[in-house]
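*Asks:* I'd like to ask some things about the structure below.
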Number of protein chains: 2
Amino acid sequence: MSPAPASARDRLVAAAFDLFDVRGFDETTVDDIARAAGVGRTTFFRYFGSKEAVIFPEHDELLARIAARLDAGDADSRDSAVAEAARLVLRYYIGEGDRARIRYRLISSVPVLKTREIASIRQYQSLFARALSSWAPGDPDAVLRAELLASAIVTAHNHVLRRWLRGEVDDPEQAFAHAMSVVLEPGPHDTSETTVVVVRTGSAPDRVAAAVERALRGR
Amino acid sequence: MSPAPASARDRLVAAAFDLFDVRGFDETTVDDIARAAGVGRTTFFRYFGSKEAVIFPEHDELLARIAARLDAGDADSRDSAVAEAARLVLRYYIGEGDRARIRYRLISSVPVLKTREIASIRQYQSLFARALSSWAPGDPDAVLRAELLASAIVTAHNHVLRRWLRGEVDDPEQAFAHAMSVVLEPGPHDTSETTVVVVRTGSAPDRVAAAVERALRGR
DNA sequence: AAAAGGATTGGTACTCAGTACCGTACTAGC
DNA sequence: GCTAGTACGGTACTGAGTACCAATCCTTTT
């Protein structure tokens, strides 16, 4: 549809999504993609390391953007930094529109693509874990806590993204904000009964108890 | 070293670990493995779907064992069911000894194997998420909570396993128990300052405040 | 304008993973 | 002894991914 002179890389991506969508991933060879894009097979492998990689064309750039956003954060702005970095990814996929939906269908049906996606997600997760770990105190469990929060953020992000891809969510940004509130909410306890959470502190018990009472009454 | 008549499958696994360890993954062909095991190349692919799969020989059986353990649980025994299922995996890898260490080295240095491992872990995670979800109430966030807890358990497990593989932990079972306590502990807040967690409840504020005070004083 | 140099591309040839198919040996049960 | 099932080996093929070389284009320099 577009007049013509898109870059060879863009034409390859477009051709790949097209062919994978109509003919299937296994039934499409790299030769087919290159031919449809009007380039040589060599050129394909010059831009993408593998046949799967063409499905995630901006993966590296997204990784870099996330890393940049996380690097700009610090221990004080922790929660907002990770939330914004995750939103970055969410917005990207939402903005893709149809392409994201085609990818979702492909990933759901082709095991090797699902594997690839899971590995991509893990790269995001590692970035989050590293940033969180660098902001953490010398606590012996700091690394574990960082990994746990990183995995929670990624899980929340993916939960929302998948629901949006299935058409179960209208406002993904708001849904993600809600999911993050679930992540940051106290432990995975059953909320149907009264739960008392005790965090050791230097403050006198009376002062803490008073603060709790205020919190329960007010707000 | 063993006299001889191990099954073809076991000989293939042994030969693969051996060759991968000394010569490297990329530098070893499936032909090499088959020849070293004294079988044909066809036989290799009859037992393992791919060259990578031979590194995780008992993966399917482990998955089945986890599924069985989780199926035996119910909503009431939730915490112990998931903890035991995770321990199942931990014990398996600990019991492997040297083989687990070789796998760890290979995974750390060969990207395609790392990808494969991450995908395996995700399969465990999905089992946990499905079980947890099936035990959850009709809460609209129940699925999200199930996925979050599943990812937390898997993260905790892997944290401990990796530390053990690096020789940073002596008693992995105890370390895992501790990690699980961190997982189940209230929210990911900074513990260096006083944190007040409020969980909505039907009880009167006074009664809750009194319970908190008791908790802070006693124990 | 011409030459030089770098970057993008295409083509060829090769290795090897993975699949399909077929023939063969060994075992079990009648 | 015969047959059916199972485990195995061999051959042949497709296609992903790599290495290398030659051609073209575009920019810069003289």
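Here's how to read the names in the structure tokens: chain A, B, ... by the order shown, residue numbers from 1 in each chain, ligand numbers from 1 in the order shown.
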Could you list the residues in chain D lying within 12 Å of chain A, using only C-alpha atoms (C1' of nucleotides), and format the result as a list in words?
*Replies:*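 Taken together, these residues fit the definition: DT14, DG15, DA16, DG17, DT18, DA19 and DC20 of chain D.
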*Asks:* Would you mind listing, for every residue of chain C within 10 Å of chain B, the two atoms forming the shortest contact and the distance between them in Å to one decimal, using only C-alpha atoms (C1' of nucleotides), sorted by chain and ascending residue number, as a tab-separated table?
*Replies:*
residue	atom	partner	partner_atom	distance
C:DC16	C1'	B:Thr29	CA	7.5
C:DA17	C1'	B:Lys51	CA	7.8
C:DG18	C1'	B:Ser50	CA	7.6
C:DT19	C1'	B:Phe45	CA	9.7
*Asks:* Mind giving me the straight-line distance from CA of Pro111 (chain B) to CA of Phe56 (chain A) in Å, one decimal?
*Replies:*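 Here the two named atoms are 17.2 Å from each other.
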*Asks:* Return the single residue from B:Ala83, B:Leu62, B:Leu88, B:Ala75 that is closest to chain A, with distances computed using only C-alpha atoms.
*Replies:*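 Distance minimum relative to chain A lands on B:Ala75.
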*Asks:* Mind giving me the straight-line distance from CA of Ala68 (chain A) to CA of Leu113 (chain A) in Å, one decimal?
*Replies:*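 CA of Leu113 (chain A) lies 27.0 Å from CA of Ala68 (chain A).
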*Asks:* Which polymer residues have any atom within 7 Å of an atom of region 157-163 of chain A, counting only C-alpha atoms (C1' of nucleotides), with same-chain residues fewer than 3 positions away left out, as a VMD selection string?
*Replies:* (chain A and resid 86 90 153 to 154 166 to 169 172 175 to 176) or (chain B and resid 144)
*Asks:* Could the residues in this selection be written to a file with C-alpha atoms, as a PDB file, in the first residue's frame?
*Replies:*
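The resulting selection.pdb:
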ATOM      1  CA  ALA A  86       7.231  -1.069  32.504  1.00  0.00           C
ATOM      2  CA  LEU A  90       3.280  -1.595  27.507  1.00  0.00           C
ATOM      3  CA  ILE A 153       6.453  -6.302  37.746  1.00  0.00           C
ATOM      4  CA  VAL A 154       7.048  -8.337  34.633  1.00  0.00           C
ATOM      5  CA  ARG A 166      -7.435 -10.858  24.026  1.00  0.00           C
ATOM      6  CA  GLY A 167      -9.719  -7.839  24.089  1.00  0.00           C
ATOM      7  CA  GLU A 168     -10.574  -8.262  27.770  1.00  0.00           C
ATOM      8  CA  VAL A 169      -9.344  -4.818  28.730  1.00  0.00           C
ATOM      9  CA  PRO A 172      -4.478  -1.038  29.519  1.00  0.00           C
ATOM     10  CA  ALA A 175      -5.371  -1.828  34.204  1.00  0.00           C
ATOM     11  CA  PHE A 176      -1.613  -1.838  34.648  1.00  0.00           C
TER      12      PHE A 176
ATOM     13  CA  LEU B 144      -3.251 -12.024  38.582  1.00  0.00           C
TER      14      LEU B 144
END
*Asks:* Need the shell around DA4 (chain C): protein/DNA/RNA residues with any atom at most 12 Å away, counting only C-alpha atoms (C1' of nucleotides). Skip same-chain ones fewer than 2 positions apart. Format as a list in words?
*Replies:*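 After dropping sequence-adjacent residues, the list is DA2 and DG6 of chain C; DT27, DT28, DT29 and DT30 of chain D.
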*Asks:* Residues at most 9 Å from Ala136 (chain A), counting only C-alpha atoms (C1' of nucleotides), excluding those fewer than 5 positions away in the same chain, as a compact mmCIF listing (two decimals) with C-alpha atoms, in the first residue's frame?
*Replies:*
# COMPACT_ATOMS: atom_id res chain seq x y z
CA ALA A 75 16.58 4.45 45.36
CA ALA A 131 18.40 -1.86 38.82
CA ALA A 142 18.23 -7.63 49.11
CA VAL A 143 19.07 -9.51 45.94
CA ARG A 145 13.80 -9.10 47.12
CA ALA A 146 14.98 -7.33 43.99
CA ASP B 190 11.51 -0.75 52.64
*Asks:* Running DSSP on the backbone, which parts of chain A land in helix (DSSP H, G or I), as a ChimeraX atom specification?
*Replies:* /A:8-23,30-37,41-47,53-55,59-71,78-96,98-109,111-135,142-165,172-184,205-217
*Asks:* Within 10 Å of Ser109 (chain B), counting only C-alpha atoms (C1' of nucleotides), which residues show up once you throw out same-chain ones fewer than 5 positions away? Write them as a PyMOL selection string, please.
*Replies:* chain B and resi 24-25+103-104+114
*Asks:* Residues at most 10 Å from Ile94 (chain A), counting only C-alpha atoms (C1' of nucleotides), excluding those fewer than 3 positions away in the same chain, as a list in words?
*Replies:* Val89, Leu90, Arg91, Gly97, Asp98, Arg99, Ala100, Arg101, Leu161, Trp164, Leu165, Pro172 and Glu173 of chain A
*Asks:* Can those selected residues be exported to a file as an mmCIF file, in the first residue's frame so that it contains C-alpha atoms?
*Replies:*
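Full text of again-v3.cif as output:
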data_model
loop_
_atom_site.group_PDB
_atom_site.id
_atom_site.type_symbol
_atom_site.label_atom_id
_atom_site.label_comp_id
_atom_site.auth_asym_id
_atom_site.auth_seq_id
_atom_site.Cartn_x
_atom_site.Cartn_y
_atom_site.Cartn_z
ATOM 1 C CA VAL A 89 7.035 -1.504 27.155
ATOM 2 C CA LEU A 90 3.280 -1.595 27.507
ATOM 3 C CA ARG A 91 2.861 1.551 25.415
ATOM 4 C CA GLY A 97 -1.791 -2.501 17.152
ATOM 5 C CA ASP A 98 -2.387 -5.202 14.588
ATOM 6 C CA ARG A 99 1.187 -6.333 14.507
ATOM 7 C CA ALA A 100 1.058 -7.109 18.211
ATOM 8 C CA ARG A 101 -2.066 -9.173 17.675
ATOM 9 C CA LEU A 161 -0.793 -7.018 28.008
ATOM 10 C CA TRP A 164 -5.526 -6.429 26.254
ATOM 11 C CA LEU A 165 -4.459 -8.627 23.348
ATOM 12 C CA PRO A 172 -4.478 -1.038 29.519
ATOM 13 C CA GLU A 173 -2.687 1.801 31.278
#
*Asks:* Please determine, counting only C-alpha atoms, which residue among B:Val110, B:Ala36, B:Ala152, B:Ala177 has the shortest atom-to-atom distance to Phe128 (chain B).
*Replies:*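 The closest residue to Phe128 (chain B) is B:Ala152.
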*Asks:* Given only C-alpha atoms as the basis, pick out the residue of B:Arg105, B:Arg9, B:Arg65, B:Arg78 nearest to chain A.
*Replies:*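 Nearest to chain A: B:Arg78.
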